[in-house]
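The data block below is entry_0.cif; it holds mmCIF, C-alpha atoms.
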data_structure
loop_
_atom_site.label_atom_id
_atom_site.label_comp_id
_atom_site.auth_asym_id
_atom_site.auth_seq_id
_atom_site.Cartn_x
_atom_site.Cartn_y
_atom_site.Cartn_z
CA MET A 1 70.14 283.14 91.29
CA GLU A 2 71.12 280.83 88.45
CA ASN A 3 72.67 283.54 86.21
CA GLY A 4 71.36 282.00 82.99
CA GLU A 5 73.62 281.40 80.02
CA PHE A 6 76.50 283.38 81.51
CA LYS A 7 76.81 281.63 84.87
CA GLU A 8 80.49 280.77 84.28
CA LEU A 9 81.30 284.50 84.27
CA TYR A 10 79.97 285.11 87.76
CA VAL A 11 82.16 284.90 90.83
CA LYS A 12 81.20 284.26 94.43
CA GLU A 13 80.94 287.18 96.83
CA GLY A 14 84.21 287.53 98.71
CA SER A 15 86.28 285.98 95.93
CA SER A 16 88.26 289.21 95.53
CA LYS A 17 89.35 288.93 99.17
CA GLU A 18 90.52 285.37 98.56
CA LEU A 19 92.41 286.52 95.47
CA LEU A 20 94.00 289.29 97.51
CA LYS A 21 95.14 286.75 100.12
CA LYS A 22 96.66 284.50 97.44
CA THR A 23 98.46 287.38 95.76
CA LEU A 24 99.92 288.73 99.00
CA SER A 25 100.78 285.44 100.69
CA GLY A 26 104.54 285.23 101.18
CA ASN A 27 105.08 288.77 99.86
CA ILE A 28 104.12 290.93 102.85
CA LYS A 29 103.40 290.93 106.55
CA LEU A 30 101.09 293.42 108.25
CA THR A 31 101.28 294.96 111.70
CA GLU A 32 98.32 295.85 113.88
CA THR A 33 99.56 299.46 113.86
CA GLY A 34 99.12 299.72 110.09
CA ASP A 35 102.54 298.98 108.66
CA VAL A 36 103.13 296.91 105.54
CA LEU A 37 106.33 294.89 105.80
CA LEU A 38 107.66 293.76 102.43
CA THR A 39 109.59 290.51 102.13
CA SER A 40 111.66 292.12 99.36
CA ILE A 41 111.93 295.50 97.67
CA LYS A 42 113.16 293.96 94.43
CA PRO A 43 111.90 294.20 91.83
CA ALA A 44 110.64 297.64 92.81
CA LYS A 45 107.49 297.53 90.70
CA ARG A 46 106.35 294.33 92.38
CA ALA A 47 107.18 295.72 95.82
CA ILE A 48 105.14 298.87 95.18
CA VAL A 49 102.15 296.82 94.03
CA MET A 50 102.43 294.55 97.08
CA TYR A 51 102.70 297.59 99.34
CA LEU A 52 99.58 299.19 97.85
CA LEU A 53 97.70 295.89 98.12
CA GLY A 54 98.80 295.64 101.75
CA ASN A 55 97.28 299.08 102.32
CA LYS A 56 94.05 297.79 100.77
CA VAL A 57 93.96 294.92 103.29
CA LEU A 58 94.63 297.31 106.18
CA LYS A 59 91.73 299.47 105.06
CA LEU A 60 89.44 296.46 104.62
CA ASP A 61 90.33 295.31 108.15
CA GLY A 62 89.65 298.78 109.55
CA VAL A 63 93.26 299.40 110.59
CA LYS A 64 93.69 302.34 108.20
CA GLN A 65 91.19 304.95 107.08
CA GLU A 66 92.58 305.28 103.56
CA GLU A 67 94.47 302.88 101.31
CA ALA A 68 95.89 305.41 98.83
CA GLU A 69 99.37 306.83 99.42
CA GLY A 70 101.57 309.34 97.66
CA PRO A 71 105.04 308.70 96.25
CA ALA A 72 106.78 310.36 99.23
CA GLU A 73 104.92 308.14 101.70
CA ILE A 74 105.73 305.02 99.67
CA PHE A 75 109.40 306.00 99.53
CA GLN A 76 109.53 306.66 103.29
CA ARG A 77 107.73 303.46 104.24
CA THR A 78 109.37 301.03 101.82
CA GLY A 79 112.93 302.26 101.43
CA ILE A 80 112.64 302.09 97.65
CA PRO A 81 114.59 305.05 96.19
CA ARG A 82 112.41 308.12 95.59
CA GLY A 83 113.20 308.32 91.86
CA THR A 84 112.42 304.65 91.40
CA VAL A 85 109.09 305.01 93.21
CA GLY A 86 108.07 307.90 90.95
CA ARG A 87 109.13 306.13 87.76
CA GLU A 88 107.46 302.84 88.68
CA LEU A 89 104.22 304.52 89.77
CA LYS A 90 104.07 306.37 86.45
CA GLU A 91 104.58 303.12 84.53
CA LEU A 92 102.00 301.30 86.66
CA SER A 93 99.56 304.15 86.08
CA ASP A 94 100.26 304.28 82.34
CA ASP A 95 99.74 300.50 82.14
CA GLY A 96 96.44 300.77 84.04
CA PHE A 97 97.50 298.87 87.17
CA VAL A 98 97.08 301.76 89.61
CA LYS A 99 94.74 304.73 89.81
CA THR A 100 95.27 308.12 91.39
CA THR A 101 93.12 310.20 93.68
CA GLU A 102 92.52 313.90 93.12
CA ASP A 103 95.32 314.70 95.56
CA GLY A 104 97.90 312.54 93.74
CA LYS A 105 97.82 309.42 95.89
CA TYR A 106 97.93 305.96 94.36
CA PHE A 107 95.76 302.89 94.96
CA ILE A 108 94.74 299.66 93.26
CA PRO A 109 91.00 299.38 92.55
CA ASP A 110 89.24 296.12 93.35
CA ASN A 111 88.41 295.50 89.70
CA LEU A 112 92.14 295.13 88.93
CA LEU A 113 92.89 292.44 91.50
CA LEU A 114 92.47 289.55 89.07
CA ARG A 115 94.64 291.26 86.45
CA ILE A 116 97.40 291.90 89.00
CA HIS A 117 97.21 288.38 90.41
CA GLU A 118 97.52 286.90 86.92
CA LEU A 119 100.45 289.18 86.08
CA PHE A 120 102.46 288.02 89.08
CA GLU A 121 101.24 284.42 89.02
CA ASN A 122 101.65 283.66 85.30
CA LYS A 123 104.19 286.02 83.82
CA GLY A 124 106.22 286.90 86.85
CA ASP A 125 108.22 290.08 86.79
CA LYS A 126 111.79 289.03 86.08
CA ASN A 127 112.46 291.92 83.71
CA GLU A 128 111.31 294.64 86.09
CA ASN A 129 113.50 296.79 88.33
#

Just give me the structure as structure tokens.
Amino acid sequence: MENGEFKELYVKEGSSKELLKKTLSGNIKLTETGDVLLTSIKPAKRAIVMYLLGNKVLKLDGVKQEEAEGPAEIFQRTGIPRGTVGRELKELSDDGFVKTTEDGKYFIPDNLLLRIHELFENKGDKNEN
């Protein structure tokens, strides 16, 4: 397929997985048992995003059944204070970076991967908690 006049807008299949690898490289490690190990929990907003992206990878690799997690699970698995997790998830949701399931769990949809990568790559997050 040549994609006509708009060919520069098309991306190759699998490019979101490559973007995910680039975004996570150096920020997390994964275990075969389904744990996401963060290299840092500061700033908290970045750590939460990296944790949720790590869950996405674990689901894609078939290690986990579901990528979405609730605030209590994120608190327990990351060590980020409970109040901070709740506040940061609300901000991330309000800003459109995370979505919620019907049962109140959070995840990052594939269509936001480029936006998140650009946020951390270009602007950084020096002013975040």

Original post:
What is the distance between atom CA of Gly34 of chain A and atom CA of Ile80 of chain A, in Å to one decimal?
Top reply: 18.5 Å

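Using all atoms listed in the file, the smallest distance between any of A:Ile41, A:Ile48, A:Leu9, A:Thr23 and Glu91 of chain A comes from A:Ile48.
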
Which residues, written as a PDB file with C-alpha atoms, in the coordinates of the input, have at least one atom at most 10 Å from Val36 of chain A, with only C-alpha atoms counted and residues fewer than 6 positions away on the same chain left out?
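After the write, around.pdb holds the following:
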ATOM      1  CA  ILE A  28     104.120 290.930 102.850  1.00  0.00           C
ATOM      2  CA  LYS A  29     103.400 290.930 106.550  1.00  0.00           C
ATOM      3  CA  LEU A  30     101.090 293.420 108.250  1.00  0.00           C
ATOM      4  CA  MET A  50     102.430 294.550  97.080  1.00  0.00           C
ATOM      5  CA  TYR A  51     102.700 297.590  99.340  1.00  0.00           C
ATOM      6  CA  LEU A  52      99.580 299.190  97.850  1.00  0.00           C
ATOM      7  CA  LEU A  53      97.700 295.890  98.120  1.00  0.00           C
ATOM      8  CA  GLY A  54      98.800 295.640 101.750  1.00  0.00           C
ATOM      9  CA  ASN A  55      97.280 299.080 102.320  1.00  0.00           C
ATOM     10  CA  VAL A  57      93.960 294.920 103.290  1.00  0.00           C
ATOM     11  CA  LEU A  58      94.630 297.310 106.180  1.00  0.00           C
ATOM     12  CA  ARG A  77     107.730 303.460 104.240  1.00  0.00           C
ATOM     13  CA  THR A  78     109.370 301.030 101.820  1.00  0.00           C
TER      14      THR A  78
END

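Across the model, the gap from atom CA of Gln76 of chain A to atom CA of Leu38 of chain A is 13.1 Å.
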
**OP:** Might you pull out every residue within 12 Å of Ser93 of chain A, with only C-alpha atoms counted and same-chain residues fewer than 6 positions away left off, and present them as a PyMOL selection string?
**Re:** chain A and resi 45+48-49+85-87+99-101+104-109

Keeping only C-alpha atoms, write the selected residues as a short mmCIF file (atom, residue, chain, number, x, y, z; two decimals), in the coordinates of the input.
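Writing done, so here's result-v6.cif:
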data_model
loop_
_atom_site.label_atom_id
_atom_site.label_comp_id
_atom_site.auth_asym_id
_atom_site.auth_seq_id
_atom_site.Cartn_x
_atom_site.Cartn_y
_atom_site.Cartn_z
CA LYS A 45 107.49 297.53 90.70
CA ILE A 48 105.14 298.87 95.18
CA VAL A 49 102.15 296.82 94.03
CA VAL A 85 109.09 305.01 93.21
CA GLY A 86 108.07 307.90 90.95
CA ARG A 87 109.13 306.13 87.76
CA LYS A 99 94.74 304.73 89.81
CA THR A 100 95.27 308.12 91.39
CA THR A 101 93.12 310.20 93.68
CA GLY A 104 97.90 312.54 93.74
CA LYS A 105 97.82 309.42 95.89
CA TYR A 106 97.93 305.96 94.36
CA PHE A 107 95.76 302.89 94.96
CA ILE A 108 94.74 299.66 93.26
CA PRO A 109 91.00 299.38 92.55
#

Subject >> Reference answer for the PyMOL selection byres ((chain A and resi 114) around 10), as a VMD selection string >> reply: chain A and resid 15 to 16 19 to 20 23 110 to 113 115 to 119

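Shortest separation to Arg82 of chain A among A:Glu5, A:Gly62, A:Ala44, A:Gly96 occurs at residue A:Ala44, atoms counted being all atoms listed in the file.
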
Original post:
Pick the closest to Lys90 of chain A from A:Pro71, A:Lys42, A:Lys59, A:Glu102: which is it, counting all atoms listed in the file?
Top reply: A:Pro71

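One distance worth recording is that between atom CA of Gly79 of chain A and atom CA of Lys17 of chain A, which is 27.2 Å.
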
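Across A:Lys7, A:Thr39, A:Arg46, A:Lys56, the tightest approach to Lys21 of chain A is made by A:Lys56 when counting only C-alpha atoms.
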
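Among A:Val98, A:Leu60, A:Ala68, A:Ile74, the residue with the shortest atom-to-atom distance to Ala47 of chain A, counting all atoms listed in the file, is A:Ile74.
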
Report the centre and edge lengths, in Å to one decimal, of an axis-aligned box enclosing every atom of segment 33-38 of chain A listed in the file, padded by 5 Å on each side, as lines of an AutoDock Vina configuration file.
center_x = 103.4
center_y = 296.7
center_z = 108.1
size_x = 18.5
size_y = 16.0
size_z = 21.4

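Restricting the calculation to all atoms listed in the file, the smallest distance between Ser40 of chain A and any of A:Asp95, A:Asn27, A:Glu66, A:Phe75 is found for A:Asn27.
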